[in-house]
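Participant: If you scroll down you'll find the structure; I have some questions about it.
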Amino acid sequence: MRSWLDRLRQLRTAQTWIALSLLAPLGILALSGVMLLSLRQDAWDKAAQTSGNLLQVIERDIARNVELYDLSLKAAVENLETPGLAQLSPQVRQTILFDRAATARDMGVMLIIDASGNTIEDMSAIPPRTGNYADRDYFLAHKARADLGLFIGNPLVSRLTGERMLPFSRRISRADGSFAGVALGTMKLTYFSTLFDQLALGQDGAINFYHRNGTRIMRYPFVEADLGVNIKDAPTFARFANAHQGSFVGTSVRDGVERLYAFTQVGALPLILNVALSVADIEAEWRIKAVILGGAVLALCGLTVGLTLLFGRELKRRAAMQIELMRLSLTDALTGLPNRRRFEEALRAACTDKAATSVSLLIIDADHFKRFNDRYGHVVGDDVLRSLARQLGTSVHRPGDLVCRIGGEEFAILLPETDEAGALRIAGKVHAEVARMTLPKAGLGAGAVTVSIGAASAVLGWGVLDPDDLYHAADTALYEAKSGGRNQTRSVPSSLNHENPRASLIRLVQAV
């Protein structure tokens, strides 16, 4: 039994290691997944930092240039109050009014417009170019309100140059506060396109510059049709307008591309700037790494799992073979019963079981078996032994009872927890079953085959019972049964003990 248990323990241990070997690739996959997620987060962090830095650089450049425009407009409004300005020559008057305008980049036009909307001073022409601007939104806004300060209007096409420009304006008021006109400066939109074109944002990256009312002033990459479009109702713009700055991932209403938007308002101006990096561009490099690393890890883990499964399959096959070999080593090939080796192991275990109270042993021998072999041949003799094995098997029913072939025509029945009376009952069943046994092919009818049985019983708990003592006692009883005429049972009573087993009384019990 111990060898069987050892084999099973070895198998369980091997299965445990196989299970651990299968868990190892899963652990590697989990760690690789964590690492890939970390790399992905690094890519997003890098993108957020990049877009934030770009946003800051662009915002500062625009804010500084708008400030120069505003200073130019303030100076022009203030210089209008210079005493005797109207009496000066047009050239001198132009120099005084627009002396600060030269510092502003990409200046379009700079005009002084009177209360009727007509041009009265022009930074770029003497005499001033004619035009009326009473219909422009900036003119109407200043005319309606005196507290606007710097007003930034929607992008427009200049009536003087035909270029797209962004207008900046300040109100000119009389001494009594009434409306006297507008100081206008325009910035060419090429300023923004030139500024944005210097940046590399990937294939689907974009920069958008909006008026707070939702009007797009400029976009990179530049598309003429995008300029002047109002997107105030777009979900993305709503997020721009509701916070001073921030970032989020959203889908563009223009082209349906998912992007990371980093945005900010330009100072205290009604201008909103955003830098948008495509999610696909952000993750492009990471995806390549993920495919390479993930593919390599999956291949290696798959190979490991495959080899482990093959090893487990082979190990299981070998374990099954070993168990089968072990079973065969304990099995009689002719009858299929446990053999003498198995019998000796079981007998030793039963005699040394400290929890048991008794044990009995029957040794059974086929009477005159040599005659069957001599008369009918070994084939019939083998049939007789196989039939005997079947009949003996039907004589016992408890799981612990063991029927064995221990050599030639000799069999044994080991009966744990069975006293003398129980052993004799089983012996009686054996005689009855054998008496009904027939072999039609050999012409042997019921009763043609008989057996002699030697029975020995021992009460345990008096000390250590030597298995050999129990066996020799049963064997002696078998000899007495054969000497007494065969087809009978002789028994050693339960007074058998380890001190004087052969001194016990041997009683004759006639077979029924």
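Residue numbering restarts at 1 in every chain; chains get A, B, ... in the order shown in the structure tokens, and ligands count up from 1 in that same order.
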Leaving out stretch 276-283 of chain A and any residue of its chain fewer than 5 positions from it, which residues lie within 8 Å of it when counting only C-alpha atoms, given as a PyMOL selection string?
Facilitator: chain A and resi 40+43-44+47+51+201-208+257-262
Participant: Find the spatial neighbours of A:Ser89, counting only C-alpha atoms, within a cut-off of 12 Å - ignore same-chain residues fewer than 5 positions away - and output them as number ranges by chain.
Facilitator: A: 84, 94-96, 126-127
Participant: May I have the selected residues written with N, CA and C atoms, as a CSV table (one decimal), in the first residue's frame?
Facilitator:
chain,number,residue,atom,x,y,z
A,84,GLY,N,-2.9,121.3,-30.3
A,84,GLY,CA,-2.5,121.8,-31.6
A,84,GLY,C,-2.3,120.7,-32.6
A,94,GLN,N,0.8,112.1,-38.3
A,94,GLN,CA,0.8,110.6,-38.4
A,94,GLN,C,1.9,110.0,-37.5
A,95,THR,N,3.0,110.7,-37.5
A,95,THR,CA,4.1,110.2,-36.6
A,95,THR,C,3.7,110.2,-35.1
A,96,ILE,N,3.1,111.3,-34.7
A,96,ILE,CA,2.7,111.4,-33.3
A,96,ILE,C,1.6,110.4,-33.0
A,126,ILE,N,-0.9,108.8,-46.6
A,126,ILE,CA,-1.2,110.3,-46.5
A,126,ILE,C,-1.6,110.7,-47.9
A,127,PRO,N,-2.7,111.2,-48.1
A,127,PRO,CA,-3.8,111.4,-47.2
A,127,PRO,C,-4.4,110.0,-46.9
Participant: Which residues are near stretch 174-190 of chain A? Cut-off 8 Å, only C-alpha atoms, ignore same chain within fewer than 3 positions. Put them as an MDAnalysis selection string.
Facilitator: chainID A and resid 69 73 76:77 105:117 139 142:143 146 163:171 193:194 217:218
Participant: If you measure from atom CA of A:Thr308 to atom CA of A:Lys289, what distance in Å do you get, rounded to one decimal?
Facilitator: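 Here the two named atoms are 27.7 Å from each other.
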Participant: To one decimal place, how far is atom CA of A:Leu334 from atom CA of A:Ala432 in Å?
Facilitator: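 Computing the Euclidean distance for atom CA of A:Leu334 and atom CA of A:Ala432 yields 23.3 Å.
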Participant: Considering only C-alpha atoms, can you say which of A:Thr418, A:Val384, A:Tyr133, A:Thr161 comes closest to A:Arg398?
Facilitator: A:Thr418
Participant: Any chance you could list, as a PyMOL selection string, the residues in stretch 25-273 of chain A that come up alpha helix (DSSP H) when DSSP is run on the backbone?
Facilitator: chain A and resi 25-79+90-97+137-144+190-197+235-241
Participant: Would you put the residues from that selection into a file with C-alpha atoms, as an mmCIF file, in the first residue's frame?
Facilitator:
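Contents of again_8.cif, freshly written:
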data_model
loop_
_atom_site.group_PDB
_atom_site.id
_atom_site.type_symbol
_atom_site.label_atom_id
_atom_site.label_comp_id
_atom_site.auth_asym_id
_atom_site.auth_seq_id
_atom_site.Cartn_x
_atom_site.Cartn_y
_atom_site.Cartn_z
ATOM 1 C CA PRO A 25 3.448 32.477 -17.670
ATOM 2 C CA LEU A 26 0.231 34.022 -16.380
ATOM 3 C CA GLY A 27 2.298 36.010 -13.898
ATOM 4 C CA ILE A 28 4.652 37.086 -16.680
ATOM 5 C CA LEU A 29 1.664 38.149 -18.793
ATOM 6 C CA ALA A 30 0.262 40.121 -15.860
ATOM 7 C CA LEU A 31 3.592 41.869 -15.236
ATOM 8 C CA SER A 32 3.973 42.576 -18.951
ATOM 9 C CA GLY A 33 0.467 44.021 -18.991
ATOM 10 C CA VAL A 34 1.309 46.275 -16.048
ATOM 11 C CA MET A 35 4.520 47.363 -17.768
ATOM 12 C CA LEU A 36 2.706 48.099 -21.030
ATOM 13 C CA LEU A 37 0.100 50.122 -19.165
ATOM 14 C CA SER A 38 2.919 52.021 -17.474
ATOM 15 C CA LEU A 39 4.535 52.715 -20.852
ATOM 16 C CA ARG A 40 1.181 53.874 -22.178
ATOM 17 C CA GLN A 41 0.772 56.213 -19.215
ATOM 18 C CA ASP A 42 4.286 57.535 -19.864
ATOM 19 C CA ALA A 43 3.281 58.287 -23.458
ATOM 20 C CA TRP A 44 0.224 60.193 -22.245
ATOM 21 C CA ASP A 45 2.224 62.057 -19.620
ATOM 22 C CA LYS A 46 4.768 63.025 -22.269
ATOM 23 C CA ALA A 47 1.977 64.188 -24.592
ATOM 24 C CA ALA A 48 0.368 66.230 -21.814
ATOM 25 C CA GLN A 49 3.700 67.843 -20.969
ATOM 26 C CA THR A 50 4.450 68.546 -24.626
ATOM 27 C CA SER A 51 1.055 70.072 -25.334
ATOM 28 C CA GLY A 52 1.237 72.092 -22.107
ATOM 29 C CA ASN A 53 4.657 73.500 -23.036
ATOM 30 C CA LEU A 54 3.541 74.343 -26.571
ATOM 31 C CA LEU A 55 0.417 75.976 -25.228
ATOM 32 C CA GLN A 56 2.408 78.102 -22.850
ATOM 33 C CA VAL A 57 4.872 79.255 -25.524
ATOM 34 C CA ILE A 58 2.127 80.142 -28.029
ATOM 35 C CA GLU A 59 -0.058 81.840 -25.421
ATOM 36 C CA ARG A 60 2.786 84.040 -24.216
ATOM 37 C CA ASP A 61 3.719 85.064 -27.762
ATOM 38 C CA ILE A 62 0.129 85.974 -28.635
ATOM 39 C CA ALA A 63 -0.477 87.769 -25.342
ATOM 40 C CA ARG A 64 2.704 89.813 -25.747
ATOM 41 C CA ASN A 65 1.850 90.799 -29.318
ATOM 42 C CA VAL A 66 -1.762 91.698 -28.399
ATOM 43 C CA GLU A 67 -0.375 93.827 -25.584
ATOM 44 C CA LEU A 68 1.778 95.719 -28.102
ATOM 45 C CA TYR A 69 -1.282 96.303 -30.272
ATOM 46 C CA ASP A 70 -3.214 97.588 -27.297
ATOM 47 C CA LEU A 71 -0.363 99.910 -26.287
ATOM 48 C CA SER A 72 -0.329 101.259 -29.832
ATOM 49 C CA LEU A 73 -4.081 101.917 -29.692
ATOM 50 C CA LYS A 74 -3.862 103.531 -26.252
ATOM 51 C CA ALA A 75 -1.057 105.766 -27.455
ATOM 52 C CA ALA A 76 -3.053 106.789 -30.521
ATOM 53 C CA VAL A 77 -6.114 107.649 -28.376
ATOM 54 C CA GLU A 78 -3.978 109.611 -25.928
ATOM 55 C CA ASN A 79 -2.059 111.416 -28.662
ATOM 56 C CA PRO A 90 -0.229 115.351 -41.965
ATOM 57 C CA GLN A 91 3.225 113.743 -41.776
ATOM 58 C CA VAL A 92 3.921 115.001 -38.255
ATOM 59 C CA ARG A 93 0.405 114.158 -37.122
ATOM 60 C CA GLN A 94 0.823 110.617 -38.450
ATOM 61 C CA THR A 95 4.131 110.204 -36.618
ATOM 62 C CA ILE A 96 2.660 111.393 -33.328
ATOM 63 C CA LEU A 97 -0.467 109.270 -33.507
ATOM 64 C CA ASP A 137 -19.146 95.123 -35.184
ATOM 65 C CA TYR A 138 -16.304 96.852 -33.327
ATOM 66 C CA PHE A 139 -17.627 100.288 -34.339
ATOM 67 C CA LEU A 140 -21.141 99.454 -33.218
ATOM 68 C CA ALA A 141 -19.902 97.959 -29.952
ATOM 69 C CA HIS A 142 -17.894 101.057 -28.954
ATOM 70 C CA LYS A 143 -20.650 103.361 -30.023
ATOM 71 C CA ALA A 144 -23.106 101.499 -27.769
ATOM 72 C CA THR A 190 -0.723 85.190 -41.255
ATOM 73 C CA TYR A 191 0.871 85.967 -37.879
ATOM 74 C CA PHE A 192 -0.952 83.002 -36.351
ATOM 75 C CA SER A 193 -0.402 80.653 -39.286
ATOM 76 C CA THR A 194 3.334 81.464 -39.296
ATOM 77 C CA LEU A 195 3.513 80.911 -35.540
ATOM 78 C CA PHE A 196 1.628 77.616 -35.667
ATOM 79 C CA ASP A 197 3.481 76.271 -38.702
ATOM 80 C CA PRO A 235 -19.282 69.981 -26.643
ATOM 81 C CA THR A 236 -15.555 70.554 -26.870
ATOM 82 C CA PHE A 237 -15.899 74.336 -27.043
ATOM 83 C CA ALA A 238 -18.255 74.331 -24.074
ATOM 84 C CA ARG A 239 -15.434 72.857 -22.013
ATOM 85 C CA PHE A 240 -13.016 75.475 -23.330
ATOM 86 C CA ALA A 241 -15.354 78.293 -22.339
#
Participant: Name all residues at most 6 Å from stretch 363-370 of chain A (count only C-alpha atoms; drop same-chain ones fewer than 2 positions away) and give them as a VMD selection string.
Facilitator: chain A and resid 372 to 373 409 to 412 450 to 454
Participant: Can you write out the residues you just picked, keeping N, CA and C atoms, as an mmCIF file, in the first residue's frame?
Facilitator:
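The result, written out as result.cif:
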data_model
loop_
_atom_site.group_PDB
_atom_site.id
_atom_site.type_symbol
_atom_site.label_atom_id
_atom_site.label_comp_id
_atom_site.auth_asym_id
_atom_site.auth_seq_id
_atom_site.Cartn_x
_atom_site.Cartn_y
_atom_site.Cartn_z
ATOM 1 N N PHE A 372 -6.465 -32.901 -13.112
ATOM 2 C CA PHE A 372 -7.116 -32.120 -14.184
ATOM 3 C C PHE A 372 -6.112 -31.783 -15.274
ATOM 4 N N ASN A 373 -4.938 -31.387 -14.867
ATOM 5 C CA ASN A 373 -3.914 -31.045 -15.864
ATOM 6 C C ASN A 373 -3.498 -32.265 -16.655
ATOM 7 N N GLU A 409 -2.250 -23.896 -7.545
ATOM 8 C CA GLU A 409 -3.687 -24.007 -7.330
ATOM 9 C C GLU A 409 -4.084 -23.549 -5.942
ATOM 10 N N GLU A 410 -3.235 -22.764 -5.294
ATOM 11 C CA GLU A 410 -3.479 -22.344 -3.913
ATOM 12 C C GLU A 410 -3.941 -20.889 -3.887
ATOM 13 N N PHE A 411 -5.004 -20.654 -3.106
ATOM 14 C CA PHE A 411 -5.589 -19.318 -2.967
ATOM 15 C C PHE A 411 -5.653 -18.972 -1.481
ATOM 16 N N ALA A 412 -5.856 -17.681 -1.199
ATOM 17 C CA ALA A 412 -5.996 -17.233 0.189
ATOM 18 C C ALA A 412 -7.087 -16.179 0.247
ATOM 19 N N THR A 450 -13.443 -29.743 -6.101
ATOM 20 C CA THR A 450 -13.585 -29.458 -4.666
ATOM 21 C C THR A 450 -12.331 -28.782 -4.162
ATOM 22 N N VAL A 451 -12.447 -28.197 -2.981
ATOM 23 C CA VAL A 451 -11.302 -27.511 -2.388
ATOM 24 C C VAL A 451 -11.173 -27.917 -0.936
ATOM 25 N N SER A 452 -9.951 -27.814 -0.439
ATOM 26 C CA SER A 452 -9.666 -27.976 0.983
ATOM 27 C C SER A 452 -9.273 -26.624 1.535
ATOM 28 N N ILE A 453 -9.712 -26.346 2.763
ATOM 29 C CA ILE A 453 -9.495 -25.015 3.335
ATOM 30 C C ILE A 453 -8.874 -25.159 4.711
ATOM 31 N N GLY A 454 -7.825 -24.329 4.929
ATOM 32 C CA GLY A 454 -7.255 -24.214 6.256
ATOM 33 C C GLY A 454 -7.578 -22.837 6.803
#
Participant: Got a sec to tell me which of stretch 67-164 of chain A DSSP assigns to strand (DSSP E or B), as a list in words?
Facilitator: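 Selecting the strand (DSSP E or B) positions of stretch 67-164 of chain A gives Met107, Gly108, Val109, Met110, Leu111, Ile112, Ile113, Asp114, Asn118, Thr119, Ile120, Glu121, Asp122, Asn132, Phe151, Ile152, Leu156, Val157 and Arg164 of chain A.
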Participant: In Å to one decimal, how far is atom CA of A:Val492 from atom CA of A:Val359?
Facilitator: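 Distance reported for this atom pair: 12.0 Å.
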